[in-house]
$ cat target07.txt   # compact mmCIF, C-alpha atoms and all ligand atoms
# COMPACT_ATOMS: atom_id res chain seq x y z
CA MET A 1 -3.19 -4.63 -15.74
CA SER A 2 -2.02 -1.63 -13.80
CA ARG A 3 1.26 -0.34 -12.50
CA ILE A 4 1.79 -0.75 -8.76
CA ALA A 5 4.44 1.13 -6.77
CA LEU A 6 5.98 -1.17 -4.16
CA ALA A 7 8.27 -0.08 -1.32
CA SER A 8 9.39 -1.12 2.14
CA ASP A 9 11.99 -0.54 4.80
CA HIS A 10 14.26 -3.34 6.03
CA ALA A 11 11.57 -4.73 8.35
CA GLY A 12 9.20 -5.08 5.42
CA PHE A 13 11.77 -6.23 2.88
CA GLU A 14 11.00 -9.97 2.90
CA LEU A 15 7.25 -9.41 2.70
CA LYS A 16 7.78 -6.87 -0.10
CA GLU A 17 9.69 -9.49 -2.07
CA ALA A 18 6.84 -11.98 -1.65
CA LEU A 19 4.27 -9.38 -2.64
CA ARG A 20 6.22 -8.43 -5.76
CA ASP A 21 5.84 -12.01 -6.96
CA GLU A 22 2.16 -11.96 -6.01
CA LEU A 23 1.56 -8.73 -7.92
CA LYS A 24 3.36 -10.00 -11.01
CA GLY A 25 1.39 -13.23 -10.81
CA LEU A 26 -1.81 -11.17 -10.85
CA GLY A 27 -0.59 -9.52 -14.05
CA HIS A 28 0.49 -6.16 -12.66
CA ASP A 29 3.53 -4.17 -13.66
CA VAL A 30 5.57 -3.51 -10.51
CA LEU A 31 7.56 -0.34 -9.86
CA ASP A 32 9.87 -1.57 -7.08
CA LEU A 33 11.24 1.44 -5.21
CA GLY A 34 13.26 -0.54 -2.66
CA THR A 35 14.62 -1.16 -0.21
CA ASP A 36 16.77 -3.90 -1.68
CA SER A 37 18.13 -5.74 1.37
CA LEU A 38 17.73 -6.32 5.09
CA ASP A 39 20.18 -3.49 5.85
CA SER A 40 18.65 -0.88 8.12
CA VAL A 41 17.02 2.08 6.36
CA ASP A 42 14.49 4.77 7.29
CA TYR A 43 10.82 4.08 6.52
CA PRO A 44 9.92 7.74 5.75
CA ASP A 45 12.17 7.67 2.68
CA PHE A 46 10.33 4.70 1.21
CA GLY A 47 6.82 5.74 2.13
CA ARG A 48 7.41 9.10 0.53
CA LYS A 49 8.88 7.59 -2.66
CA ALA A 50 5.89 5.31 -3.19
CA ALA A 51 3.37 8.06 -2.46
CA GLU A 52 5.11 10.48 -4.81
CA ALA A 53 4.98 7.86 -7.59
CA VAL A 54 1.24 7.38 -7.07
CA ALA A 55 0.53 11.12 -6.74
CA ALA A 56 2.50 11.81 -9.94
CA GLY A 57 0.57 9.14 -11.86
CA GLU A 58 3.65 6.96 -12.34
CA ALA A 59 1.67 4.16 -10.68
CA GLU A 60 -2.07 3.64 -10.29
CA ALA A 61 -1.71 2.35 -6.73
CA GLY A 62 0.91 1.59 -4.10
CA VAL A 63 1.72 -1.16 -1.64
CA ILE A 64 4.10 -0.26 1.19
CA VAL A 65 5.44 -2.30 4.08
CA CYS A 66 7.34 -1.62 7.30
CA GLY A 67 7.43 -3.50 10.60
CA THR A 68 4.04 -2.35 11.82
CA GLY A 69 2.86 -0.45 8.74
CA ILE A 70 2.41 2.58 10.97
CA GLY A 71 5.52 4.62 10.22
CA ILE A 72 5.47 4.10 6.50
CA SER A 73 1.75 4.92 6.27
CA ILE A 74 2.25 8.16 8.21
CA ALA A 75 5.07 9.09 5.84
CA ALA A 76 3.07 8.29 2.71
CA ASN A 77 0.04 10.25 3.90
CA ARG A 78 2.09 13.43 4.15
CA VAL A 79 2.31 13.49 0.35
CA PRO A 80 -0.64 15.43 -1.16
CA GLY A 81 -2.90 13.10 -3.13
CA ALA A 82 -1.96 10.01 -1.12
CA ARG A 83 -4.74 8.14 0.67
CA THR A 84 -2.87 5.41 2.49
CA ALA A 85 -4.78 2.76 4.44
CA LEU A 86 -3.04 0.62 7.04
CA CYS A 87 -4.83 -2.72 6.79
CA HIS A 88 -4.54 -5.93 8.76
CA ASP A 89 -7.11 -8.15 7.08
CA ILE A 90 -9.22 -8.65 3.99
CA THR A 91 -12.13 -6.61 5.39
CA THR A 92 -10.14 -3.47 6.11
CA ALA A 93 -8.42 -3.79 2.72
CA ARG A 94 -11.78 -4.08 0.93
CA LEU A 95 -13.42 -1.25 2.86
CA SER A 96 -10.43 1.05 2.38
CA ARG A 97 -11.25 0.91 -1.33
CA GLU A 98 -15.07 0.91 -1.11
CA HIS A 99 -15.36 3.75 1.41
CA ASN A 100 -12.08 5.67 1.33
CA ASP A 101 -10.89 5.27 -2.26
CA ALA A 102 -7.48 4.48 -0.79
CA ASN A 103 -4.73 4.50 -3.38
CA ILE A 104 -1.97 3.03 -1.21
CA LEU A 105 -2.13 -0.10 0.94
CA ALA A 106 0.19 -0.20 3.98
CA LEU A 107 0.98 -3.49 5.70
CA GLY A 108 2.89 -4.44 8.84
CA ALA A 109 5.26 -7.33 8.23
CA ARG A 110 5.69 -7.95 11.97
CA VAL A 111 1.94 -7.94 12.51
CA ILE A 112 0.41 -10.10 9.77
CA GLY A 113 1.51 -13.22 7.94
CA THR A 114 2.33 -13.54 4.27
CA GLU A 115 -0.96 -15.20 3.33
CA THR A 116 -3.01 -12.50 5.01
CA ALA A 117 -0.88 -9.88 3.28
CA ARG A 118 -1.56 -11.53 -0.08
CA ASP A 119 -5.30 -11.55 0.71
CA CYS A 120 -5.11 -7.84 1.55
CA VAL A 121 -3.35 -7.04 -1.72
CA ARG A 122 -5.87 -8.96 -3.80
CA ALA A 123 -8.86 -7.40 -2.02
CA PHE A 124 -7.35 -3.92 -2.28
CA LEU A 125 -6.65 -4.17 -6.01
CA GLU A 126 -9.89 -5.92 -6.96
CA THR A 127 -12.33 -3.71 -5.07
CA PRO A 128 -13.72 -0.56 -6.74
CA PHE A 129 -14.57 2.67 -4.92
CA ALA A 130 -18.28 2.70 -4.12
CA GLY A 131 -18.71 6.45 -4.72
CA GLY A 132 -22.07 7.96 -3.72
CA ARG A 133 -22.05 9.33 -0.17
CA HIS A 134 -18.43 8.25 0.18
CA GLN A 135 -17.32 10.61 -2.59
CA ARG A 136 -18.37 13.65 -0.54
CA ARG A 137 -16.34 12.42 2.42
CA VAL A 138 -13.28 11.58 0.35
CA ASP A 139 -13.48 15.06 -1.21
CA LYS A 140 -13.23 16.52 2.30
CA LEU A 141 -9.94 14.72 2.83
CA GLY A 142 -8.36 17.18 0.39
C1 LIG A 201 11.90 -0.54 12.11
O1 LIG A 201 12.56 -1.14 13.18
C2 LIG A 201 10.47 -0.20 12.51
O2 LIG A 201 10.46 0.81 13.46
C3 LIG A 201 9.66 0.18 11.28
O3 LIG A 201 9.69 -0.85 10.36
C4 LIG A 201 8.18 0.47 11.52
O4 LIG A 201 7.57 -0.55 12.26
C5 LIG A 201 7.86 1.82 11.99
O5 LIG A 201 6.68 2.21 12.10

$ encode --input "target07.txt" --output "structure tokens"
Amino acid sequence: MSRIALASDHAGFELKEALRDELKGLGHDVLDLGTDSLDSVDYPDFGRKAAEAVAAGEAEAGVIVCGTGIGISIAANRVPGARTALCHDITTARLSREHNDANILALGARVIGTETARDCVRAFLETPFAGGRHQRRVDKLG
């Protein structure tokens, strides 16, 4: 079991709620950083919170959601130590771990369905970093 930081803006709220149940069902401890309703909020606040939790070691990984996944992933990647991957399917989720050692998965609630999002979460959390030549490249990310 690991601790997963989970956050979204209002556009990602309903998918975040579904993914919290999915994560708990997989046996993870969930650090839910909001938002807590459909009321309009600003995605940078939530991307940053999740990334800071991961960078500080308060969570081993993060899952973040906004409408497209774009804004919240940009916000999260401005936190040193965050490697956020915006994924739309099981393949990008798997490769973001194997090749990029991503520690935060970003999803777009207005772009993918709930089942695909669940697939992405499972692939992201179950896939180890491949290391080898990829380690050198990840090191260059800073
Ligand atoms: C909110 O309307 C929307 O702009 C946000 O969720 C996200 O898609 C931004 O990238």

$ closest_residue --input "target07.txt" --among "A:Gln135, A:Thr35, A:Asn77, A:Thr114" --to "Leu19 of chain A" --atoms "all atoms listed in the file"
A:Thr114

$ residues_near_ligand --input "target07.txt" --ligand "ligand LIG 201 (chain A)" --cutoff "10 Å" --atoms "all atoms listed in the file" --output "PDB file with C-alpha atoms, in the frame of the given file"
ATOM      1  CA  SER A   8       9.390  -1.120   2.140  1.00  0.00           C
ATOM      2  CA  ASP A   9      11.990  -0.540   4.800  1.00  0.00           C
ATOM      3  CA  HIS A  10      14.260  -3.340   6.030  1.00  0.00           C
ATOM      4  CA  ALA A  11      11.570  -4.730   8.350  1.00  0.00           C
ATOM      5  CA  GLY A  12       9.200  -5.080   5.420  1.00  0.00           C
ATOM      6  CA  PHE A  13      11.770  -6.230   2.880  1.00  0.00           C
ATOM      7  CA  SER A  40      18.650  -0.880   8.120  1.00  0.00           C
ATOM      8  CA  VAL A  41      17.020   2.080   6.360  1.00  0.00           C
ATOM      9  CA  ASP A  42      14.490   4.770   7.290  1.00  0.00           C
ATOM     10  CA  TYR A  43      10.820   4.080   6.520  1.00  0.00           C
ATOM     11  CA  PRO A  44       9.920   7.740   5.750  1.00  0.00           C
ATOM     12  CA  VAL A  65       5.440  -2.300   4.080  1.00  0.00           C
ATOM     13  CA  CYS A  66       7.340  -1.620   7.300  1.00  0.00           C
ATOM     14  CA  GLY A  67       7.430  -3.500  10.600  1.00  0.00           C
ATOM     15  CA  THR A  68       4.040  -2.350  11.820  1.00  0.00           C
ATOM     16  CA  GLY A  69       2.860  -0.450   8.740  1.00  0.00           C
ATOM     17  CA  ILE A  70       2.410   2.580  10.970  1.00  0.00           C
ATOM     18  CA  GLY A  71       5.520   4.620  10.220  1.00  0.00           C
ATOM     19  CA  ILE A  72       5.470   4.100   6.500  1.00  0.00           C
ATOM     20  CA  SER A  73       1.750   4.920   6.270  1.00  0.00           C
ATOM     21  CA  ILE A  74       2.250   8.160   8.210  1.00  0.00           C
ATOM     22  CA  ALA A  75       5.070   9.090   5.840  1.00  0.00           C
ATOM     23  CA  LEU A 107       0.980  -3.490   5.700  1.00  0.00           C
ATOM     24  CA  GLY A 108       2.890  -4.440   8.840  1.00  0.00           C
ATOM     25  CA  ALA A 109       5.260  -7.330   8.230  1.00  0.00           C
ATOM     26  CA  ARG A 110       5.690  -7.950  11.970  1.00  0.00           C
ATOM     27  CA  VAL A 111       1.940  -7.940  12.510  1.00  0.00           C
TER      28      VAL A 111
END

$ axis_aligned_box --input "target07.txt" --around "segment 78-96 of chain A" --padding-each-side "6 Å" --output "lines of an AutoDock Vina configuration file"
center_x = -5.6
center_y = 3.4
center_z = 2.8
size_x = 27.7
size_y = 36.1
size_z = 23.9

$ residues_near_point --input "target07.txt" --point "(-17.1, 4.5, 3.1)" --cutoff "10 Å" --atoms "only C-alpha atoms" --output "PDB file with C-alpha atoms, in the frame of the given file"
ATOM      1  CA  LEU A  95     -13.420  -1.250   2.860  1.00  0.00           C
ATOM      2  CA  SER A  96     -10.430   1.050   2.380  1.00  0.00           C
ATOM      3  CA  ARG A  97     -11.250   0.910  -1.330  1.00  0.00           C
ATOM      4  CA  GLU A  98     -15.070   0.910  -1.110  1.00  0.00           C
ATOM      5  CA  HIS A  99     -15.360   3.750   1.410  1.00  0.00           C
ATOM      6  CA  ASN A 100     -12.080   5.670   1.330  1.00  0.00           C
ATOM      7  CA  ASP A 101     -10.890   5.270  -2.260  1.00  0.00           C
ATOM      8  CA  PHE A 129     -14.570   2.670  -4.920  1.00  0.00           C
ATOM      9  CA  ALA A 130     -18.280   2.700  -4.120  1.00  0.00           C
ATOM     10  CA  GLY A 131     -18.710   6.450  -4.720  1.00  0.00           C
ATOM     11  CA  GLY A 132     -22.070   7.960  -3.720  1.00  0.00           C
ATOM     12  CA  ARG A 133     -22.050   9.330  -0.170  1.00  0.00           C
ATOM     13  CA  HIS A 134     -18.430   8.250   0.180  1.00  0.00           C
ATOM     14  CA  GLN A 135     -17.320  10.610  -2.590  1.00  0.00           C
ATOM     15  CA  ARG A 136     -18.370  13.650  -0.540  1.00  0.00           C
ATOM     16  CA  ARG A 137     -16.340  12.420   2.420  1.00  0.00           C
ATOM     17  CA  VAL A 138     -13.280  11.580   0.350  1.00  0.00           C
TER      18      VAL A 138
END

$ atom_distance --input "target07.txt" --atom1 "atom CA of Glu115 of chain A" --atom2 "atom CA of Ala76 of chain A"
23.8 Å

$ atom_distance --input "target07.txt" --atom1 "atom CA of Ala50 of chain A" --atom2 "atom CA of Ile64 of chain A"
7.3 Å

$ atom_distance --input "target07.txt" --atom1 "atom CA of Pro128 of chain A" --atom2 "atom CA of Phe46 of chain A"
25.9 Å

$ closest_residue --input "target07.txt" --among "A:Phe124, A:Arg118, A:Ala61, A:Leu86" --to "Ala106 of chain A" --atoms "all atoms listed in the file"
A:Leu86

$ build_atoms --input "target07.txt" --residues "segment 112-140 of chain A" --atoms "N, CA and C atoms" --output "PDB file, in the coordinates of the input"
ATOM      1  N   ILE A 112       1.224  -9.122  10.506  1.00  0.00           N
ATOM      2  CA  ILE A 112       0.410 -10.100   9.770  1.00  0.00           C
ATOM      3  C   ILE A 112       1.311 -11.073   9.026  1.00  0.00           C
ATOM      4  N   GLY A 113       0.768 -12.210   8.689  1.00  0.00           N
ATOM      5  CA  GLY A 113       1.510 -13.220   7.940  1.00  0.00           C
ATOM      6  C   GLY A 113       1.441 -12.972   6.448  1.00  0.00           C
ATOM      7  N   THR A 114       2.240 -13.730   5.722  1.00  0.00           N
ATOM      8  CA  THR A 114       2.330 -13.540   4.270  1.00  0.00           C
ATOM      9  C   THR A 114       1.008 -13.836   3.573  1.00  0.00           C
ATOM     10  N   GLU A 115       0.304 -14.864   4.001  1.00  0.00           N
ATOM     11  CA  GLU A 115      -0.960 -15.200   3.330  1.00  0.00           C
ATOM     12  C   GLU A 115      -2.002 -14.114   3.536  1.00  0.00           C
ATOM     13  N   THR A 116      -2.064 -13.589   4.758  1.00  0.00           N
ATOM     14  CA  THR A 116      -3.010 -12.500   5.010  1.00  0.00           C
ATOM     15  C   THR A 116      -2.627 -11.264   4.196  1.00  0.00           C
ATOM     16  N   ALA A 117      -1.330 -11.019   4.089  1.00  0.00           N
ATOM     17  CA  ALA A 117      -0.880  -9.880   3.280  1.00  0.00           C
ATOM     18  C   ALA A 117      -1.284 -10.053   1.824  1.00  0.00           C
ATOM     19  N   ARG A 118      -1.140 -11.260   1.316  1.00  0.00           N
ATOM     20  CA  ARG A 118      -1.560 -11.530  -0.080  1.00  0.00           C
ATOM     21  C   ARG A 118      -3.056 -11.296  -0.233  1.00  0.00           C
ATOM     22  N   ASP A 119      -3.842 -11.758   0.745  1.00  0.00           N
ATOM     23  CA  ASP A 119      -5.300 -11.550   0.710  1.00  0.00           C
ATOM     24  C   ASP A 119      -5.611 -10.053   0.674  1.00  0.00           C
ATOM     25  N   CYS A 120      -4.889  -9.288   1.497  1.00  0.00           N
ATOM     26  CA  CYS A 120      -5.110  -7.840   1.550  1.00  0.00           C
ATOM     27  C   CYS A 120      -4.823  -7.212   0.192  1.00  0.00           C
ATOM     28  N   VAL A 121      -3.722  -7.604  -0.418  1.00  0.00           N
ATOM     29  CA  VAL A 121      -3.350  -7.040  -1.720  1.00  0.00           C
ATOM     30  C   VAL A 121      -4.414  -7.344  -2.763  1.00  0.00           C
ATOM     31  N   ARG A 122      -4.853  -8.582  -2.802  1.00  0.00           N
ATOM     32  CA  ARG A 122      -5.870  -8.960  -3.800  1.00  0.00           C
ATOM     33  C   ARG A 122      -7.158  -8.175  -3.567  1.00  0.00           C
ATOM     34  N   ALA A 123      -7.608  -8.116  -2.311  1.00  0.00           N
ATOM     35  CA  ALA A 123      -8.860  -7.400  -2.020  1.00  0.00           C
ATOM     36  C   ALA A 123      -8.723  -5.923  -2.364  1.00  0.00           C
ATOM     37  N   PHE A 124      -7.584  -5.352  -2.029  1.00  0.00           N
ATOM     38  CA  PHE A 124      -7.350  -3.920  -2.280  1.00  0.00           C
ATOM     39  C   PHE A 124      -7.397  -3.629  -3.789  1.00  0.00           C
ATOM     40  N   LEU A 125      -6.756  -4.465  -4.568  1.00  0.00           N
ATOM     41  CA  LEU A 125      -6.650  -4.170  -6.010  1.00  0.00           C
ATOM     42  C   LEU A 125      -7.902  -4.565  -6.789  1.00  0.00           C
ATOM     43  N   GLU A 126      -8.704  -5.451  -6.223  1.00  0.00           N
ATOM     44  CA  GLU A 126      -9.890  -5.920  -6.960  1.00  0.00           C
ATOM     45  C   GLU A 126     -11.153  -5.146  -6.613  1.00  0.00           C
ATOM     46  N   THR A 127     -11.108  -4.360  -5.540  1.00  0.00           N
ATOM     47  CA  THR A 127     -12.330  -3.710  -5.070  1.00  0.00           C
ATOM     48  C   THR A 127     -12.435  -2.284  -5.604  1.00  0.00           C
ATOM     49  N   PRO A 128     -13.545  -1.936  -6.273  1.00  0.00           N
ATOM     50  CA  PRO A 128     -13.720  -0.560  -6.740  1.00  0.00           C
ATOM     51  C   PRO A 128     -14.221   0.364  -5.629  1.00  0.00           C
ATOM     52  N   PHE A 129     -13.995   1.652  -5.804  1.00  0.00           N
ATOM     53  CA  PHE A 129     -14.570   2.670  -4.920  1.00  0.00           C
ATOM     54  C   PHE A 129     -16.078   2.685  -5.123  1.00  0.00           C
ATOM     55  N   ALA A 130     -16.820   2.759  -4.022  1.00  0.00           N
ATOM     56  CA  ALA A 130     -18.280   2.700  -4.120  1.00  0.00           C
ATOM     57  C   ALA A 130     -18.894   4.040  -4.528  1.00  0.00           C
ATOM     58  N   GLY A 131     -18.170   5.139  -4.341  1.00  0.00           N
ATOM     59  CA  GLY A 131     -18.710   6.450  -4.720  1.00  0.00           C
ATOM     60  C   GLY A 131     -19.896   6.838  -3.855  1.00  0.00           C
ATOM     61  N   GLY A 132     -20.871   7.549  -4.455  1.00  0.00           N
ATOM     62  CA  GLY A 132     -22.070   7.960  -3.720  1.00  0.00           C
ATOM     63  C   GLY A 132     -21.718   8.833  -2.535  1.00  0.00           C
ATOM     64  N   ARG A 133     -22.295   8.516  -1.370  1.00  0.00           N
ATOM     65  CA  ARG A 133     -22.050   9.330  -0.170  1.00  0.00           C
ATOM     66  C   ARG A 133     -20.577   9.357   0.219  1.00  0.00           C
ATOM     67  N   HIS A 134     -19.851   8.318  -0.175  1.00  0.00           N
ATOM     68  CA  HIS A 134     -18.430   8.250   0.180  1.00  0.00           C
ATOM     69  C   HIS A 134     -17.600   9.271  -0.595  1.00  0.00           C
ATOM     70  N   GLN A 135     -18.063   9.636  -1.784  1.00  0.00           N
ATOM     71  CA  GLN A 135     -17.320  10.610  -2.590  1.00  0.00           C
ATOM     72  C   GLN A 135     -17.227  11.952  -1.857  1.00  0.00           C
ATOM     73  N   ARG A 136     -18.352  12.365  -1.267  1.00  0.00           N
ATOM     74  CA  ARG A 136     -18.370  13.650  -0.540  1.00  0.00           C
ATOM     75  C   ARG A 136     -17.342  13.630   0.604  1.00  0.00           C
ATOM     76  N   ARG A 137     -17.249  12.516   1.281  1.00  0.00           N
ATOM     77  CA  ARG A 137     -16.340  12.420   2.420  1.00  0.00           C
ATOM     78  C   ARG A 137     -14.882  12.366   1.961  1.00  0.00           C
ATOM     79  N   VAL A 138     -14.649  11.648   0.883  1.00  0.00           N
ATOM     80  CA  VAL A 138     -13.280  11.580   0.350  1.00  0.00           C
ATOM     81  C   VAL A 138     -12.857  12.971  -0.139  1.00  0.00           C
ATOM     82  N   ASP A 139     -13.801  13.695  -0.752  1.00  0.00           N
ATOM     83  CA  ASP A 139     -13.480  15.060  -1.210  1.00  0.00           C
ATOM     84  C   ASP A 139     -13.018  15.940  -0.043  1.00  0.00           C
ATOM     85  N   LYS A 140     -13.599  15.704   1.128  1.00  0.00           N
ATOM     86  CA  LYS A 140     -13.230  16.520   2.300  1.00  0.00           C
ATOM     87  C   LYS A 140     -11.847  16.172   2.856  1.00  0.00           C
TER      88      LYS A 140
END
